[in-house]
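Novice: Quick one: structure below, then a few questions.
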Amino acid sequence: MKVVALGDSVTLSYGNKRSPWISHSWPKILERILSSQLGEYVEVVNSGVGGDTTRRVIERLDKDVFQYEPDILLIMFGLNDALNIYRSISVEEYENNLRTIIELASYRGIKAILMTPNPVTEKYIRYENGKSLKKLYLYVERVRKIAEDLRIPLIDIFKLFSEDDFYRDRLYDGVHPDYTGQSILASYIAHSLLNIKGCKTVKVRLHDLITVWADGMYNAFTDMIEWKGKYYITFRQGTHHFIPDAPDGKIIIVSSNDLKKWEKVAVLEVKGWDARDPKFLAFKDKLFLYTQSWSPEKRIHETFVFYTEDGFKWRGPFDCGEQVFWRPRIYKNKAYVVAYHPSKRGAWEGDVTRKMQIDLLETSDGIHWSKVTTMHRGNFVNETDILFIGDEALALARVEEWPRKTLILKSKYPFREWSVHVTNETLQCPLLLNYKGEIFALGRIYTMSTKDKPFLPEFARTALFHLKNNMLKLLFEFPSAGDNAYPGAVFLPSEKIAISYYSSHEKYVNEVDTVNRYRGFIRDYAPNIYLAIFSLNF
């Protein structure tokens, strides 16, 4: 399927604070969501031109639309037609031009879909105490009228941004959706298009995005929990992503009562080790924190555990053995974790052995663990989350053997025999959620193939999927770039979900030095810790 997005600078969508990269603009995010949801490649052609109007676009329809022979044409104009002091046209001509575009598209068998323009806010340089918004609204009403008259689908972007203060604030200059706005637009348009095609999907609404920690250090690998009435986020802090010859990392724990203001409550260290990938577990009136750690001296990974009974005083570290724990989960009166480890020492220094395995471990006290079974061996399998649903277990496993498609593993109690299925997506640092009986997954995805290429900032993103029939269906890409992801999650009383994650995107959104922007060395990324609050509607 092919879609052409036709419009002005809001459709063009990259440059300045909108997006440093075409691949993170809303048409490209839309392309990835539609392709994932429909199970086929969907091409979205960006035919946005800055400053364009419905009068000017008619002259370029052959070149920018019809030559592509699209199945669907998205039409979004109005900002310049109504408000551009040099190019504005009457609302009557605006309506006639839109009708002409639709007629020309329909004659060629192209399904036209109208989109209202987004509103303008007081940040707009010619806002004129609200008069601009009132004038624009007249043009918006014409779009709605045309859609009703011609019985063609309408995607109401004006309504989307007008009814939500958080969304209105995403219009960074009062006109253009910012970097976060690209993800909001893409998800909303994708959901609307899929509904038009008769495909029922989950609607994602982002309610807030909070910077939890930004101090110039290399902050990465998060987890999150609500415990005894407080929220806790943990992450690794170092000077670089990974230094094989130095114990660079320590674990930071921050706490909040309201998810807005965060304070540091603990710094945990494993002396002589690089502490990494912290994970929380609330178990038997204690809050445990597990960190897989790297020894520059021994050249091995081991997992250590700390615990607290009050949230302030921490005991540990206690050694859990030469393996890498992922995310512990509780089943009945025991805790379980999927652990991975290289088949020999040195595998984390470039020796990409394909003999790795994942084991299911169990504990009754949170400190002493025993092996239940080996779940899978091979494929360079590693980070694996597990979720218990009744007496069944579902696991999602990262693999590094090309083409790196994530594995789904399933079992029933006593969890000794596991089936394995290959999914359709590459998802790293997986996090599984069971929300209202539906399974969702979060983690890191790639916007393009990285095989035999340097790892550039725009390649990776933090994303949300719906897991159905052993397939991962992309729903939303959170504002993220560079070194990013490794989410943690908490269900909130308001039927919202909070996720922690890390990302380097703010460094690049405001970056003007393109040489720095495209450095392939992740030590330059210096990520921050973020908290996204969103809801899911079925």
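Identifiers for the structure tokens are assigned positionally: chains receive A, B, ... in sequence, residues are indexed from 1 per chain, and ligands are indexed from 1 in the order shown.
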Please provide as a PDB file with C-alpha atoms, in the first residue's frame all residues within 10 Å of region 239-247 of chain A, with the sequence filter that same-chain residues fewer than 6 positions apart are discarded (counting only C-alpha atoms).
Specialist:
ATOM      1  CA  GLY A 216      25.309  15.730  32.035  1.00  0.00           C
ATOM      2  CA  MET A 217      26.370  12.257  33.168  1.00  0.00           C
ATOM      3  CA  TYR A 218      25.745   9.067  31.206  1.00  0.00           C
ATOM      4  CA  ASN A 219      22.382   8.085  32.720  1.00  0.00           C
ATOM      5  CA  ALA A 220      20.928   4.869  31.327  1.00  0.00           C
ATOM      6  CA  PHE A 221      19.117   1.538  31.879  1.00  0.00           C
ATOM      7  CA  GLU A 269      27.868   0.588  44.341  1.00  0.00           C
ATOM      8  CA  VAL A 270      29.513  -2.782  43.892  1.00  0.00           C
ATOM      9  CA  LYS A 271      33.121  -1.911  44.591  1.00  0.00           C
ATOM     10  CA  GLY A 272      35.431  -2.832  41.743  1.00  0.00           C
ATOM     11  CA  TRP A 273      32.498  -3.594  39.418  1.00  0.00           C
ATOM     12  CA  ASP A 274      30.555  -1.656  36.776  1.00  0.00           C
ATOM     13  CA  ALA A 275      26.961  -1.864  38.102  1.00  0.00           C
ATOM     14  CA  ARG A 276      24.408  -2.026  35.265  1.00  0.00           C
ATOM     15  CA  SER A 293      27.689  -6.020  37.058  1.00  0.00           C
ATOM     16  CA  TRP A 294      30.887  -6.268  35.036  1.00  0.00           C
ATOM     17  CA  SER A 295      34.291  -6.980  36.598  1.00  0.00           C
ATOM     18  CA  PRO A 296      37.149  -5.331  34.671  1.00  0.00           C
ATOM     19  CA  GLU A 297      39.548  -7.540  36.606  1.00  0.00           C
ATOM     20  CA  ARG A 299      36.288 -10.149  32.870  1.00  0.00           C
ATOM     21  CA  TRP A 348      31.069  -9.328  26.097  1.00  0.00           C
ATOM     22  CA  GLU A 349      34.266  -8.051  24.513  1.00  0.00           C
ATOM     23  CA  ASP A 483      21.325   5.448  23.111  1.00  0.00           C
ATOM     24  CA  PHE A 521      30.197   6.982  19.096  1.00  0.00           C
ATOM     25  CA  ILE A 522      27.588   6.380  21.758  1.00  0.00           C
ATOM     26  CA  ARG A 523      29.889   7.709  24.482  1.00  0.00           C
ATOM     27  CA  ASP A 524      28.930  11.173  23.212  1.00  0.00           C
ATOM     28  CA  TYR A 525      25.205  10.683  23.734  1.00  0.00           C
ATOM     29  CA  ALA A 526      24.987  11.593  27.484  1.00  0.00           C
ATOM     30  CA  PRO A 527      21.361  10.442  27.918  1.00  0.00           C
TER      31      PRO A 527
END
Novice: Return as a Markdown table the residues of region 400-473 of chain A lying at most 10 Å from region 198-210 of chain A, together with the closest atom-to-atom pair for each and the distance in Å to one decimal, counting only C-alpha atoms, with rows in chain order and ascending residue number.
Specialist:
| residue | atom | partner | partner_atom | distance |
| --- | --- | --- | --- | --- |
| A:Leu464 | CA | A:Val204 | CA | 9.3 |
| A:Phe465 | CA | A:Val202 | CA | 9.8 |
| A:His466 | CA | A:Val202 | CA | 7.9 |
| A:Lys473 | CA | A:Thr201 | CA | 9.4 |
Novice: Quick one: write out the picked residues with N, CA and C atoms as a PDB file, in the first residue's frame?
Specialist:
ATOM      1  N   LEU A 464       6.310   1.162  21.811  1.00  0.00           N
ATOM      2  CA  LEU A 464       5.260   0.366  22.433  1.00  0.00           C
ATOM      3  C   LEU A 464       4.593  -0.500  21.383  1.00  0.00           C
ATOM      4  N   PHE A 465       4.388  -1.779  21.718  1.00  0.00           N
ATOM      5  CA  PHE A 465       3.751  -2.740  20.817  1.00  0.00           C
ATOM      6  C   PHE A 465       2.569  -3.405  21.496  1.00  0.00           C
ATOM      7  N   HIS A 466       1.631  -3.843  20.671  1.00  0.00           N
ATOM      8  CA  HIS A 466       0.552  -4.729  21.097  1.00  0.00           C
ATOM      9  C   HIS A 466       0.935  -6.133  20.630  1.00  0.00           C
ATOM     10  N   LYS A 473       2.778  -5.669  17.154  1.00  0.00           N
ATOM     11  CA  LYS A 473       2.159  -4.630  16.341  1.00  0.00           C
ATOM     12  C   LYS A 473       2.515  -3.261  16.933  1.00  0.00           C
TER      13      LYS A 473
END
Novice: As a JSON list (two decimals) with N, CA and C atoms, in the first residue's frame, please: the residues near Pro487 (chain A) (cut-off 8 Å, only C-alpha atoms, same-chain neighbours under 3 positions excluded).
Specialist:
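Final output, saved to selection-v9.json:
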[["chain", "number", "residue", "atom", "x", "y", "z"],
["A", 221, "PHE", "N", 19.60, 2.83, 31.38],
["A", 221, "PHE", "CA", 19.12, 1.54, 31.88],
["A", 221, "PHE", "C", 18.21, 1.72, 33.10],
["A", 222, "THR", "N", 16.94, 1.97, 32.87],
["A", 222, "THR", "CA", 16.03, 2.34, 33.96],
["A", 222, "THR", "C", 15.15, 1.17, 34.41],
["A", 223, "ASP", "N", 14.56, 1.35, 35.57],
["A", 223, "ASP", "CA", 13.43, 0.55, 36.02],
["A", 223, "ASP", "C", 12.60, 1.41, 36.95],
["A", 224, "MET", "N", 11.35, 0.99, 37.20],
["A", 224, "MET", "CA", 10.42, 1.82, 37.95],
["A", 224, "MET", "C", 9.50, 0.93, 38.78],
["A", 429, "CYS", "N", 15.78, -5.04, 25.00],
["A", 429, "CYS", "CA", 15.46, -4.68, 26.40],
["A", 429, "CYS", "C", 13.97, -4.77, 26.67],
["A", 430, "PRO", "N", 13.36, -5.94, 26.46],
["A", 430, "PRO", "CA", 11.89, -6.05, 26.47],
["A", 430, "PRO", "C", 11.28, -5.87, 27.86],
["A", 431, "LEU", "N", 10.10, -5.26, 27.86],
["A", 431, "LEU", "CA", 9.26, -5.13, 29.04],
["A", 431, "LEU", "C", 7.85, -5.55, 28.64],
["A", 442, "LEU", "N", 7.21, -3.18, 25.52],
["A", 442, "LEU", "CA", 7.99, -1.97, 25.29],
["A", 442, "LEU", "C", 9.46, -2.35, 25.16],
["A", 443, "GLY", "N", 10.21, -1.50, 24.46],
["A", 443, "GLY", "CA", 11.64, -1.73, 24.33],
["A", 443, "GLY", "C", 12.23, -0.88, 23.23],
["A", 499, "ILE", "N", 5.88, 5.08, 32.30],
["A", 499, "ILE", "CA", 7.09, 4.33, 31.99],
["A", 499, "ILE", "C", 8.31, 5.24, 32.13],
["A", 500, "SER", "N", 9.35, 4.67, 32.70],
["A", 500, "SER", "CA", 10.65, 5.34, 32.72],
["A", 500, "SER", "C", 11.48, 4.82, 31.55],
["A", 501, "TYR", "N", 12.31, 5.67, 31.01],
["A", 501, "TYR", "CA", 13.26, 5.24, 29.97],
["A", 501, "TYR", "C", 14.34, 6.29, 29.86],
["A", 502, "TYR", "N", 15.40, 5.98, 29.13],
["A", 502, "TYR", "CA", 16.45, 6.97, 28.93],
["A", 502, "TYR", "C", 16.61, 7.25, 27.45]]
Novice: Neighbouring residues of Gln67 (chain A) were defined as those with any atom within 12 Å, considering only C-alpha atoms; residues of the same chain fewer than 6 positions away were excluded. Please report them as number ranges by chain.
Specialist: A: 2, 4, 45, 47, 60-61, 105, 108, 110
Novice: Counting only C-alpha atoms, which of A:Thr373, A:Ser411, A:Asn129, A:Ser19 gets nearest to Phe388 (chain A)?
Specialist: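 Result for the nearest residue to Phe388 (chain A): A:Ser411.
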